[in-house]
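Chemist: This is the content of upload35.cif (mmCIF, C-alpha atoms):
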```cif
data_run
loop_
_atom_site.group_PDB
_atom_site.id
_atom_site.type_symbol
_atom_site.label_atom_id
_atom_site.label_comp_id
_atom_site.auth_asym_id
_atom_site.auth_seq_id
_atom_site.Cartn_x
_atom_site.Cartn_y
_atom_site.Cartn_z
ATOM 1 C CA MET A 388 220.664 218.008 29.745
ATOM 2 C CA LYS A 389 220.363 217.633 33.513
ATOM 3 C CA ILE A 390 222.148 214.558 34.887
ATOM 4 C CA SER A 391 220.323 213.231 37.933
ATOM 5 C CA THR A 392 222.080 211.808 40.968
ATOM 6 C CA LEU A 393 221.323 208.289 42.103
ATOM 7 C CA GLN A 394 219.482 209.677 45.143
ATOM 8 C CA GLU A 395 217.236 211.785 42.909
ATOM 9 C CA ILE A 396 216.489 208.765 40.755
ATOM 10 C CA GLN A 397 215.581 206.705 43.801
ATOM 11 C CA ASP A 398 213.430 209.522 45.155
ATOM 12 C CA GLU A 399 211.461 209.429 41.908
ATOM 13 C CA ASP A 400 210.717 205.726 42.468
ATOM 14 C CA LEU A 401 212.708 204.683 39.408
ATOM 15 C CA PHE A 402 214.338 202.075 41.618
ATOM 16 C CA ILE A 403 212.615 199.882 44.164
ATOM 17 C CA SER A 404 214.044 199.982 47.664
ATOM 18 C CA GLY A 405 215.756 196.807 48.866
ATOM 19 C CA ILE A 406 216.180 195.137 45.462
ATOM 20 C CA ASP A 407 218.095 197.835 43.606
ATOM 21 C CA THR A 408 220.773 196.969 41.101
ATOM 22 C CA PRO A 409 224.047 197.959 42.837
ATOM 23 C CA LEU A 410 225.026 201.360 41.453
ATOM 24 C CA ARG A 411 227.441 204.060 42.546
ATOM 25 C CA GLU A 412 226.226 207.529 43.449
ATOM 26 C CA ASP A 413 227.826 208.932 40.282
ATOM 27 C CA ALA A 414 226.285 206.282 37.999
ATOM 28 C CA PHE A 415 224.537 208.867 35.803
ATOM 29 C CA TYR A 416 227.165 211.606 35.677
ATOM 30 C CA LEU A 417 228.461 210.510 32.257
ATOM 31 C CA ASP A 418 226.332 210.655 29.136
ATOM 32 C CA ASP A 419 226.034 207.660 26.799
ATOM 33 C CA ASN A 420 228.494 208.959 24.211
ATOM 34 C CA THR A 421 231.180 209.499 26.838
ATOM 35 C CA LYS A 422 230.602 206.017 28.241
ATOM 36 C CA ILE A 423 230.897 204.510 24.750
ATOM 37 C CA GLU A 424 234.199 206.302 24.112
ATOM 38 C CA MET A 425 235.648 205.182 27.453
ATOM 39 C CA ILE A 426 234.513 201.559 27.111
ATOM 40 C CA GLU A 427 235.871 201.464 23.547
ATOM 41 C CA GLU A 428 239.303 202.507 24.795
ATOM 42 C CA HIS A 429 239.300 200.000 27.642
ATOM 43 C CA PHE A 430 238.082 197.128 25.475
ATOM 44 C CA ARG A 431 240.767 197.906 22.897
ATOM 45 C CA ASN A 432 243.294 197.540 25.702
ATOM 46 C CA ILE A 433 241.799 194.185 26.690
ATOM 47 C CA MET A 434 242.036 192.923 23.112
ATOM 48 C CA ASN A 435 245.626 194.127 22.888
ATOM 49 C CA ILE A 436 246.492 192.341 26.141
ATOM 50 C CA LEU A 437 244.994 189.155 24.681
ATOM 51 C CA GLY A 438 247.330 189.504 21.719
ATOM 52 C CA LEU A 439 244.708 190.181 19.055
ATOM 53 C CA ASP A 440 245.710 192.057 15.909
ATOM 54 C CA LEU A 441 243.541 195.163 15.848
ATOM 55 C CA THR A 442 244.737 196.066 12.353
ATOM 56 C CA ASP A 443 242.816 193.068 11.000
ATOM 57 C CA ASP A 444 239.675 194.061 9.081
ATOM 58 C CA SER A 445 237.516 191.742 11.188
ATOM 59 C CA LEU A 446 238.759 193.076 14.532
ATOM 60 C CA LYS A 447 239.576 196.752 14.057
ATOM 61 C CA ASP A 448 236.041 198.003 14.792
ATOM 62 C CA THR A 449 235.249 195.464 17.520
ATOM 63 C CA PRO A 450 236.047 197.776 20.487
ATOM 64 C CA ARG A 451 233.544 200.338 19.203
ATOM 65 C CA ARG A 452 230.911 197.698 18.468
ATOM 66 C CA VAL A 453 231.258 196.221 21.947
ATOM 67 C CA ALA A 454 231.076 199.633 23.605
ATOM 68 C CA LYS A 455 227.899 200.595 21.733
ATOM 69 C CA MET A 456 226.368 197.191 22.473
ATOM 70 C CA TYR A 457 227.054 197.560 26.195
ATOM 71 C CA VAL A 458 225.604 201.065 26.521
ATOM 72 C CA LYS A 459 222.801 201.068 23.947
ATOM 73 C CA GLU A 460 221.667 197.450 24.033
ATOM 74 C CA ILE A 461 222.509 194.752 26.557
ATOM 75 C CA PHE A 462 223.046 197.094 29.528
ATOM 76 C CA SER A 463 220.627 199.832 28.479
ATOM 77 C CA GLY A 464 218.381 198.942 31.432
ATOM 78 C CA LEU A 465 220.884 200.608 33.757
ATOM 79 C CA ASN A 466 219.753 203.994 32.466
ATOM 80 C CA PRO A 467 216.406 205.119 33.962
ATOM 81 C CA ALA A 468 215.824 207.240 30.868
ATOM 82 C CA ASN A 469 215.126 203.963 29.044
ATOM 83 C CA LYS A 470 212.430 202.870 31.460
ATOM 84 C CA PRO A 471 209.256 202.119 29.448
ATOM 85 C CA LEU A 472 206.290 204.427 29.704
ATOM 86 C CA VAL A 473 203.314 202.351 30.780
ATOM 87 C CA SER A 474 199.780 202.788 29.459
ATOM 88 C CA LEU A 475 196.968 201.877 31.837
ATOM 89 C CA PHE A 476 193.350 201.424 30.870
ATOM 90 C CA GLU A 477 190.311 201.498 33.083
ATOM 91 C CA ASN A 478 188.945 198.000 33.588
ATOM 92 C CA LYS A 479 185.502 198.992 32.282
ATOM 93 C CA TYR A 480 184.550 195.427 31.433
ATOM 94 C CA GLN A 481 185.154 194.403 35.054
ATOM 95 C CA TYR A 482 187.381 191.473 34.123
ATOM 96 C CA ASN A 483 188.307 190.070 37.529
ATOM 97 C CA GLN A 484 190.140 186.873 36.606
ATOM 98 C CA MET A 485 193.875 186.520 36.137
ATOM 99 C CA LEU A 486 195.577 187.709 32.982
ATOM 100 C CA VAL A 487 198.628 185.704 31.986
ATOM 101 C CA GLU A 488 201.339 186.505 29.491
ATOM 102 C CA LYS A 489 203.709 183.581 29.120
ATOM 103 C CA ASN A 490 206.896 182.735 27.246
ATOM 104 C CA ILE A 491 208.189 186.316 27.229
ATOM 105 C CA THR A 492 211.646 186.203 25.666
ATOM 106 C CA LEU A 493 214.328 187.128 28.167
ATOM 107 C CA TYR A 494 217.952 188.043 27.471
ATOM 108 C CA SER A 495 220.129 189.226 30.320
ATOM 109 C CA ASN A 496 223.728 188.962 31.480
ATOM 110 C CA CYS A 497 225.170 187.377 34.588
ATOM 111 C CA GLU A 498 226.772 190.036 36.776
ATOM 112 C CA HIS A 499 229.444 187.586 37.945
ATOM 113 C CA HIS A 500 230.977 186.777 34.546
ATOM 114 C CA PHE A 501 229.170 189.089 32.082
ATOM 115 C CA VAL A 502 227.948 186.192 29.966
ATOM 116 C CA PRO A 503 224.370 185.721 28.752
ATOM 117 C CA ILE A 504 221.319 184.517 30.619
ATOM 118 C CA VAL A 505 218.736 183.294 28.112
ATOM 119 C CA GLY A 506 215.230 182.218 29.012
ATOM 120 C CA LYS A 507 211.596 183.154 29.295
ATOM 121 C CA ALA A 508 209.368 184.870 31.807
ATOM 122 C CA HIS A 509 205.758 184.092 32.666
ATOM 123 C CA VAL A 510 203.723 186.905 34.232
ATOM 124 C CA GLY A 511 200.231 186.945 35.691
ATOM 125 C CA TYR A 512 198.152 189.535 37.485
ATOM 126 C CA ILE A 513 194.607 190.131 38.688
ATOM 127 C CA ALA A 514 193.408 193.645 37.907
ATOM 128 C CA ASN A 515 192.539 196.114 40.622
ATOM 129 C CA GLY A 516 190.663 198.716 38.603
ATOM 130 C CA TYR A 517 193.175 199.077 35.770
ATOM 131 C CA VAL A 518 194.763 196.886 33.103
ATOM 132 C CA ILE A 519 198.068 197.345 31.307
ATOM 133 C CA GLY A 520 198.825 197.391 27.594
ATOM 134 C CA LEU A 521 200.118 193.899 26.873
ATOM 135 C CA SER A 522 203.321 194.956 25.143
ATOM 136 C CA LYS A 523 204.275 196.941 28.237
ATOM 137 C CA ILE A 524 204.644 193.719 30.215
ATOM 138 C CA ASN A 525 207.266 192.588 27.694
ATOM 139 C CA ARG A 526 208.966 195.967 27.881
ATOM 140 C CA ILE A 527 209.150 195.848 31.686
ATOM 141 C CA VAL A 528 210.743 192.381 31.487
ATOM 142 C CA GLN A 529 213.219 193.624 28.878
ATOM 143 C CA TYR A 530 214.084 196.785 30.789
ATOM 144 C CA TYR A 531 215.086 194.987 33.973
ATOM 145 C CA SER A 532 216.792 192.218 32.005
ATOM 146 C CA LYS A 533 219.079 194.642 30.196
ATOM 147 C CA ARG A 534 221.531 195.104 33.022
ATOM 148 C CA PRO A 535 224.043 192.872 34.820
ATOM 149 C CA GLN A 536 221.773 190.611 36.838
ATOM 150 C CA VAL A 537 221.200 187.684 39.114
ATOM 151 C CA GLN A 538 217.974 185.869 38.336
ATOM 152 C CA GLU A 539 216.567 186.196 41.843
ATOM 153 C CA ARG A 540 216.841 189.991 41.789
ATOM 154 C CA LEU A 541 215.469 190.171 38.241
ATOM 155 C CA THR A 542 212.379 188.201 39.291
ATOM 156 C CA LEU A 543 211.711 190.544 42.205
ATOM 157 C CA GLN A 544 212.332 193.719 40.194
ATOM 158 C CA ILE A 545 209.811 192.694 37.536
ATOM 159 C CA ALA A 546 207.231 191.706 40.158
ATOM 160 C CA GLU A 547 207.615 194.874 42.224
ATOM 161 C CA GLU A 548 207.459 197.099 39.152
ATOM 162 C CA LEU A 549 204.223 195.448 38.026
ATOM 163 C CA LYS A 550 202.712 195.833 41.486
ATOM 164 C CA SER A 551 203.684 199.497 41.557
ATOM 165 C CA VAL A 552 202.400 200.247 38.067
ATOM 166 C CA LEU A 553 199.154 198.276 38.361
ATOM 167 C CA LYS A 554 198.500 199.273 41.971
ATOM 168 C CA THR A 555 197.710 195.691 42.868
ATOM 169 C CA GLU A 556 199.402 193.067 45.022
ATOM 170 C CA HIS A 557 197.982 190.242 42.902
ATOM 171 C CA VAL A 558 201.062 189.479 40.787
ATOM 172 C CA ALA A 559 202.927 186.308 39.831
ATOM 173 C CA VAL A 560 206.268 186.035 38.026
ATOM 174 C CA VAL A 561 208.120 182.868 37.041
ATOM 175 C CA ILE A 562 211.432 182.927 35.174
ATOM 176 C CA GLU A 563 213.179 179.888 33.728
ATOM 177 C CA ALA A 564 216.575 180.495 32.172
ATOM 178 C CA ASP A 565 219.826 178.994 30.990
ATOM 179 C CA HIS A 566 222.976 180.616 32.385
ATOM 180 C CA LEU A 567 226.000 180.508 30.113
ATOM 181 C CA CYS A 568 228.233 180.977 33.151
ATOM 182 C CA VAL A 569 227.144 177.426 33.992
ATOM 183 C CA SER A 570 226.982 175.905 30.497
ATOM 184 C CA SER A 571 229.877 177.566 28.641
ATOM 185 C CA ARG A 572 232.472 177.765 31.430
ATOM 186 C CA GLY A 573 233.146 176.332 34.866
ATOM 187 C CA ILE A 574 231.114 173.163 35.339
ATOM 188 C CA GLN A 575 229.962 173.301 31.660
ATOM 189 C CA ASP A 576 226.594 171.732 32.405
ATOM 190 C CA ILE A 577 224.393 172.262 29.342
ATOM 191 C CA SER A 578 221.314 170.472 30.719
ATOM 192 C CA SER A 579 220.498 172.397 33.895
ATOM 193 C CA GLN A 580 218.072 175.310 34.073
ATOM 194 C CA THR A 581 217.365 177.872 36.783
ATOM 195 C CA VAL A 582 213.774 178.604 37.827
ATOM 196 C CA THR A 583 212.741 181.466 40.118
ATOM 197 C CA SER A 584 209.311 182.678 41.159
ATOM 198 C CA HIS A 585 207.479 185.389 43.053
ATOM 199 C CA TYR A 586 203.850 185.239 44.197
ATOM 200 C CA SER A 587 201.919 187.893 46.053
ATOM 201 C CA GLY A 588 198.335 188.816 46.894
ATOM 202 C CA LYS A 589 195.796 186.248 45.678
ATOM 203 C CA PHE A 590 198.579 184.213 44.066
ATOM 204 C CA LEU A 591 199.622 183.102 47.564
ATOM 205 C CA ASN A 592 196.417 181.071 47.564
ATOM 206 C CA ASP A 593 197.159 177.492 46.460
ATOM 207 C CA GLN A 594 194.242 177.293 44.046
ATOM 208 C CA THR A 595 195.073 180.594 42.320
ATOM 209 C CA ARG A 596 198.776 179.797 42.125
ATOM 210 C CA ASN A 597 198.093 176.320 40.733
ATOM 211 C CA GLU A 598 195.780 177.795 38.089
ATOM 212 C CA PHE A 599 198.565 180.176 37.034
ATOM 213 C CA LEU A 600 201.133 177.382 36.882
ATOM 214 C CA ALA A 601 198.764 175.236 34.824
ATOM 215 C CA LEU A 602 198.220 178.077 32.356
ATOM 216 C CA VAL A 603 201.957 178.553 31.860
ATOM 217 C CA GLY A 604 202.488 174.808 31.520
ATOM 218 C CA LYS A 605 204.134 174.047 34.853
#
```
Kindly return the structure encoded in the file as structure tokens.
Modeler:
Amino acid sequence: MKISTLQEIQDEDLFISGIDTPLREDAFYLDDNTKIEMIEEHFRNIMNILGLDLTDDSLKDTPRRVAKMYVKEIFSGLNPANKPLVSLFENKYQYNQMLVEKNITLYSNCEHHFVPIVGKAHVGYIANGYVIGLSKINRIVQYYSKRPQVQERLTLQIAEELKSVLKTEHVAVVIEADHLCVSSRGIQDISSQTVTSHYSGKFLNDQTRNEFLALVGK
């Protein structure tokens, strides 16, 4: 299997200039199985340093489970091979109003402490000739969520991907999320929530933006 360089990936528009997730040039040199083996070894060392008994039945397989979870699940969005294939359909019915998909479940991880970000995304767009299969909106949100993130970048990545795929500037994205780096450590504030937004095209118009916010319950 050919392993692409980061430059080749960027040249293929798999990343969006200016809001890329920070990655080294050799980010894709190792295959998933090699990454799992290496992470397993390192996480076993971490558990040993913490003084945990890795001969215990409950703990002995934890390094492997964590390694597989990192590569195959919660950070799988780092691998461009996992980027969802998007189905577009001609807008034959000439629907020219906004389409909104709200309350999209969002699980990500804070890149500062590697603890969860849990929330929901609301997405709207106005078609410019083509419409997208609804489930693909969820998959785009999930793909960019499944990497170490900051919420601001995640919001922009989702918005820019939708604009690129749909070939329209008329896109709105709002994310509201709880950050466990705030609630479970540090200040330990369990009541605060972070909200980010991106509006472009017709959504910069007050009336259009307010209609979107009303539809998502804001």
Chemist: When the PyMOL selection byres ((chain A and resi 481-497) around 7) is applied to the file above, which residues end up in the set, as a compact mmCIF listing (two decimals) with C-alpha atoms, in the coordinates of the input?
Modeler:
```txt
# COMPACT_ATOMS: atom_id res chain seq x y z
CA ASN A 478 188.94 198.00 33.59
CA LYS A 479 185.50 198.99 32.28
CA TYR A 480 184.55 195.43 31.43
CA GLU A 498 226.77 190.04 36.78
CA HIS A 499 229.44 187.59 37.94
CA HIS A 500 230.98 186.78 34.55
CA PHE A 501 229.17 189.09 32.08
CA VAL A 502 227.95 186.19 29.97
CA PRO A 503 224.37 185.72 28.75
CA ILE A 504 221.32 184.52 30.62
CA VAL A 505 218.74 183.29 28.11
CA GLY A 506 215.23 182.22 29.01
CA LYS A 507 211.60 183.15 29.30
CA ALA A 508 209.37 184.87 31.81
CA HIS A 509 205.76 184.09 32.67
CA VAL A 510 203.72 186.90 34.23
CA GLY A 511 200.23 186.94 35.69
CA TYR A 512 198.15 189.54 37.48
CA ILE A 513 194.61 190.13 38.69
CA ALA A 514 193.41 193.64 37.91
CA ASN A 525 207.27 192.59 27.69
CA GLN A 529 213.22 193.62 28.88
CA SER A 532 216.79 192.22 32.01
CA LYS A 533 219.08 194.64 30.20
CA ARG A 534 221.53 195.10 33.02
CA PRO A 535 224.04 192.87 34.82
CA GLN A 536 221.77 190.61 36.84
CA VAL A 537 221.20 187.68 39.11
CA VAL A 603 201.96 178.55 31.86
```
Chemist: Contacts of Lys589 in chain A at 10 Å or less, counting all atoms listed in the file, minus same-chain residues fewer than 3 places along, as a PyMOL selection string?
Modeler: chain A and resi 485+512-513+556-559+586+592-596
Chemist: Using all atoms listed in the file, which of A:Val569, A:Ala601, A:Leu475, A:Ile574 sits nearest Leu553 in chain A?
Modeler: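 For Leu553 in chain A, the nearest of the given residues is A:Leu475.
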Chemist: What is the distance between CA of Ser551 in chain A and CA of Asn469 in chain A, in Å to one decimal?
Modeler: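 Computing it gives 17.5 Å between the two atoms.
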Chemist: What would the list of residues within 12 Å of (239.7, 191.5, 23.2) (file frame) look like as JSON, numbers by chain, if all atoms listed in the file are what count?
Modeler: {"A": [426, 427, 428, 429, 430, 431, 432, 433, 434, 435, 436, 437, 438, 439, 440, 441, 446, 447, 448, 449, 450, 451, 452, 453, 454]}
Chemist: Which value, in Å to one decimal, gives the distance between CA of Leu543 in chain A and CA of Asp407 in chain A?
Modeler: 9.8 Å
Chemist: Find, counting all atoms listed in the file, the residue in A:Asp444, A:Glu460, A:Arg526, A:Leu465 that gets nearest to Leu410 in chain A.
Modeler: A:Leu465
Chemist: Check the smallest atom-to-atom distance from each of A:Ser474, A:Asn466, A:Ser578, A:Asn515 to Leu417 in chain A using only C-alpha atoms, then report the winner.
Modeler: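 The closest residue to Leu417 in chain A is A:Asn466.
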Chemist: Separation of CA of Asp419 in chain A and CA of Gly464 in chain A, in Å?
Modeler: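 Answer for the CA of Asp419 in chain A to CA of Gly464 in chain A separation: 12.5 Å.
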